[in-house]
Amino acid sequence: MRKTRYRVSRWALPCAVLLMGLAWLSATGRATPASSSKSRTPLIVVAALDRSAIQPVLDAFSATHPSISLNYQDLSTREVNRRIRDSDNPPDVVISSAMPSQMSQVNAGYAQALSTRETRAWPARAKWRDEVFGFTFEPVVFAYRRDLANRMSPPQSHGALYRALQVPDSPLANGHMALYDPARSDVGYALYQADAGYTARFWQLVSAMGKAQAVQVGTTRTMLEGLSSGRFVFAYNLIGSYALRWAKTHPEIVVRFPRDYTLVLSRMVFVHRQARHLHAAVQFVDFLLSHAGQKILANDTPLFSRRKDVSGPYSAWRLRAEVGDHLFPIPIDAGLMAISDPQKRRTFLRRWQREYQDQTQPNASSSAPPREH
């Protein structure tokens, strides 16, 4: 019988090996960058927190978790609340500075309880039922134009501000002062509730600001832009992380921690109960609470870390050293749920309007809703 001979090209074997390798890479999702991205776990984070402020943390998380594709959505507090209730498109992780409304959402059952080494070790005063965690430590500040000192001694405390508003022809009067509108800003509402708990003269101060026709706005950014433009000379109850960052590039602005008491708010984070990428969501929260994540907050962002074992220019340790016993963190407890009660809110806003004496005042709002963070 005649034997059949097959001629094998010198390229046949290498090509066969190459094709087998490509088939294997395709099956394992490592053939190309495109297939690699498809194999990564998505993670949807909705946050009332400027992306530019937290970007170093996001970059570090992505670098240490390359298998997770992070989708960070920078929204207003009210947009975040709407996303929380969207059962058709729920986020995995929720972050907000509006502490009462965040607590209200948790109490309504939108958060999952977590039990990891980081969450169990987190201070009890900075979490609630292992479901929501305060991961920043941001002071609430005054800010004013540097040239205000040419006309008066800029107020350094709530009491000094009240007295400054009583002065005839005060530089702060006639719409030259800005503050949050509690009806439009959930953050502003929470801060005023805290103010009312720390000073018996709060409503007297509100009345004085109303008589001075202080301008009520929706965001800290609106206050800062107004200060830089010269529209305002003084702003009250700004989120310190944003104000301090702004002042770095706007030398005409001075930021001060009130000397009588300085409130501290916390960005609160939780994993949504309907999170579709649960493991990735837990890893993200763990990173925010970890020593590595908090170290980045303290050194590379203006958001101020909470951990006692972390130091840096933006750390709770540094803030306590500078402000001392006059630092008053807003507690993460059942009191926040009481503040978020709709009836309590309506009662507070009615009194606010009454103390402001229903004065017609300049309106800093635009046709678009404010992006409060």
# chains A, B, ... in the order shown; residues from 1 in each chain; ligands from 1

call {"tool": "closest_atom_pairs", "arguments": {"of": "segment 249-339 of chain A", "to": "segment 93-110 of chain A", "cutoff": "9 Å", "atoms": "only C-alpha atoms", "output": "CSV"}}
result
residue,atom,partner,partner_atom,distance
A:Leu265,CA,A:Ser97,CA,7.4
A:Ser266,CA,A:Ser97,CA,6.4
A:Arg267,CA,A:Ser97,CA,4.5
A:Met268,CA,A:Ser96,CA,5.5
A:Val269,CA,A:Ile95,CA,4.5
A:Phe270,CA,A:Val94,CA,5.4
A:Val271,CA,A:Val93,CA,4.6
A:His272,CA,A:Tyr110,CA,5.7
A:Arg273,CA,A:Tyr110,CA,5.2
A:Gln274,CA,A:Tyr110,CA,7.8
A:Ala275,CA,A:Val93,CA,7.4
A:Ala281,CA,A:Val93,CA,6.0
A:Val282,CA,A:Val93,CA,8.5
A:Phe284,CA,A:Val93,CA,8.2
A:Val285,CA,A:Val93,CA,8.0
A:Ile330,CA,A:Met99,CA,8.8
A:Ile332,CA,A:Met99,CA,7.9
A:Asp333,CA,A:Met103,CA,8.4
A:Ala334,CA,A:Met103,CA,8.4
A:Gly335,CA,A:Pro100,CA,8.5
A:Leu336,CA,A:Pro100,CA,4.7
A:Met337,CA,A:Ser104,CA,5.6
A:Ala338,CA,A:Pro100,CA,8.1
A:Ile339,CA,A:Pro100,CA,6.2

call {"tool": "residues_around", "arguments": {"residues": "Arg51 of chain A", "least_positions_apart": "5", "cutoff": "9 Å", "atoms": "only C-alpha atoms", "output": "short mmCIF file (atom, residue, chain, number, x, y, z; two decimals) with C-alpha atoms, in the first residue's frame"}}
result
data_model
loop_
_atom_site.label_atom_id
_atom_site.label_comp_id
_atom_site.auth_asym_id
_atom_site.auth_seq_id
_atom_site.Cartn_x
_atom_site.Cartn_y
_atom_site.Cartn_z
CA LEU A 58 -11.16 56.97 43.38
CA TYR A 72 -18.81 57.39 39.89
CA GLN A 73 -21.81 59.69 39.38
CA ASP A 74 -21.49 63.20 40.87
#

call {"tool": "closest_residue", "arguments": {"among": "A:Val323, A:Ile68, A:Val46, A:Leu289", "to": "Pro258 of chain A", "atoms": "only C-alpha atoms"}}
result
A:Val323

call {"tool": "closest_residue", "arguments": {"among": "A:Arg306, A:Arg245, A:Arg201, A:Arg276", "to": "Arg221 of chain A", "atoms": "only C-alpha atoms"}}
result
A:Arg245

call {"tool": "select_by_dssp", "arguments": {"residues": "segment 28-219 of chain A", "states": "strand (DSSP E)", "output": "PyMOL selection string"}}
result
chain A and resi 41-47+68-74+93-96+127-128+132-134+138-145+177-180+215-217

call {"tool": "residues_around", "arguments": {"residues": "Ala48 of chain A", "least_positions_apart": "2", "cutoff": "6 Å", "atoms": "only C-alpha atoms", "output": "number ranges by chain"}}
result
A: 75-77, 96, 373

call {"tool": "write_last_selection", "arguments": {"atoms": "N, CA and C atoms", "output": "mmCIF file, in the first residue's frame"}}
result
data_model
loop_
_atom_site.group_PDB
_atom_site.id
_atom_site.type_symbol
_atom_site.label_atom_id
_atom_site.label_comp_id
_atom_site.auth_asym_id
_atom_site.auth_seq_id
_atom_site.Cartn_x
_atom_site.Cartn_y
_atom_site.Cartn_z
ATOM 1 N N LEU A 75 -23.693 63.826 41.760
ATOM 2 C CA LEU A 75 -25.055 64.342 41.691
ATOM 3 C C LEU A 75 -25.332 65.313 42.832
ATOM 4 N N SER A 76 -26.483 65.956 42.796
ATOM 5 C CA SER A 76 -26.921 66.759 43.934
ATOM 6 C C SER A 76 -27.518 65.834 44.993
ATOM 7 N N THR A 77 -27.717 66.347 46.202
ATOM 8 C CA THR A 77 -28.277 65.507 47.263
ATOM 9 C C THR A 77 -29.675 65.024 46.903
ATOM 10 N N SER A 96 -23.602 60.804 50.629
ATOM 11 C CA SER A 96 -24.262 62.112 50.700
ATOM 12 C C SER A 96 -23.780 62.884 51.911
ATOM 13 N N HIS A 373 -24.066 69.883 47.488
ATOM 14 C CA HIS A 373 -23.214 68.740 47.793
ATOM 15 C C HIS A 373 -22.944 68.668 49.281
#

call {"tool": "atom_distance", "arguments": {"atom1": "atom CA of Ala190 of chain A", "atom2": "atom CA of Leu288 of chain A"}}
result
23.4 Å

call {"tool": "closest_atom_pairs", "arguments": {"of": "segment 289-368 of chain A", "to": "segment 117-120 of chain A", "cutoff": "12 Å", "atoms": "only C-alpha atoms", "output": "tab-separated table"}}
result
residue	atom	partner	partner_atom	distance
A:Leu289	CA	A:Glu118	CA	6.3
A:Ser290	CA	A:Glu118	CA	6.4
A:His291	CA	A:Glu118	CA	9.2
A:Ala292	CA	A:Glu118	CA	11.5
A:Gly293	CA	A:Glu118	CA	11.3
A:Gln294	CA	A:Glu118	CA	11.7
A:Arg307	CA	A:Glu118	CA	11.3

call {"tool": "decode", "arguments": {"residues": "segment 185-249 of chain A", "atoms": "C-alpha atoms", "output": "short mmCIF file (atom, residue, chain, number, x, y, z; two decimals), in the first residue's frame"}}
result
data_model
loop_
_atom_site.label_atom_id
_atom_site.label_comp_id
_atom_site.auth_asym_id
_atom_site.auth_seq_id
_atom_site.Cartn_x
_atom_site.Cartn_y
_atom_site.Cartn_z
CA SER A 185 -30.61 72.86 50.68
CA ASP A 186 -30.79 69.67 52.74
CA VAL A 187 -27.26 70.34 53.97
CA GLY A 188 -28.18 73.87 55.05
CA TYR A 189 -31.25 72.60 56.88
CA ALA A 190 -29.19 70.02 58.78
CA LEU A 191 -26.57 72.61 59.77
CA TYR A 192 -29.20 75.05 61.07
CA GLN A 193 -30.77 72.30 63.16
CA ALA A 194 -27.36 71.65 64.67
CA ASP A 195 -26.84 75.40 65.23
CA ALA A 196 -30.14 75.60 67.09
CA GLY A 197 -28.98 72.83 69.40
CA TYR A 198 -25.67 74.52 70.27
CA THR A 199 -26.71 78.11 70.89
CA ALA A 200 -29.74 79.56 72.61
CA ARG A 201 -29.42 82.71 70.48
CA PHE A 202 -29.78 80.96 67.16
CA TRP A 203 -33.15 82.45 66.29
CA GLN A 204 -31.96 85.92 67.25
CA LEU A 205 -29.11 85.45 64.77
CA VAL A 206 -31.56 84.30 62.09
CA SER A 207 -33.69 87.39 62.68
CA ALA A 208 -30.63 89.63 62.46
CA MET A 209 -29.58 88.02 59.17
CA GLY A 210 -33.09 88.55 57.82
CA LYS A 211 -33.06 92.23 58.75
CA ALA A 212 -29.69 92.54 56.99
CA GLN A 213 -31.30 91.01 53.88
CA ALA A 214 -28.73 88.23 53.77
CA VAL A 215 -29.01 86.30 50.51
CA GLN A 216 -30.14 82.68 50.80
CA VAL A 217 -28.53 80.35 48.25
CA GLY A 218 -28.49 76.65 47.44
CA THR A 219 -24.80 75.70 47.55
CA THR A 220 -21.44 76.47 49.10
CA ARG A 221 -20.09 77.07 45.60
CA THR A 222 -22.59 79.88 45.02
CA MET A 223 -21.38 81.54 48.20
CA LEU A 224 -17.73 81.20 47.20
CA GLU A 225 -18.31 82.51 43.69
CA GLY A 226 -20.21 85.47 45.14
CA LEU A 227 -17.36 86.24 47.52
CA SER A 228 -14.77 86.15 44.76
CA SER A 229 -16.85 88.35 42.47
CA GLY A 230 -17.42 90.91 45.24
CA ARG A 231 -21.15 90.36 45.38
CA PHE A 232 -20.82 89.12 48.97
CA VAL A 233 -18.34 90.13 51.66
CA PHE A 234 -19.22 87.42 54.20
CA ALA A 235 -20.66 83.88 54.02
CA TYR A 236 -22.05 81.72 56.82
CA ASN A 237 -22.00 77.93 57.34
CA LEU A 238 -19.96 76.84 54.34
CA ILE A 239 -18.72 73.27 53.97
CA GLY A 240 -15.11 73.71 55.01
CA SER A 241 -13.61 71.17 52.61
CA TYR A 242 -14.86 73.15 49.62
CA ALA A 243 -14.11 76.56 51.13
CA LEU A 244 -10.50 75.67 52.05
CA ARG A 245 -9.83 74.28 48.59
CA TRP A 246 -11.33 77.40 46.96
CA ALA A 247 -9.26 79.75 49.12
CA LYS A 248 -6.04 78.06 47.91
CA THR A 249 -6.56 79.50 44.43
#
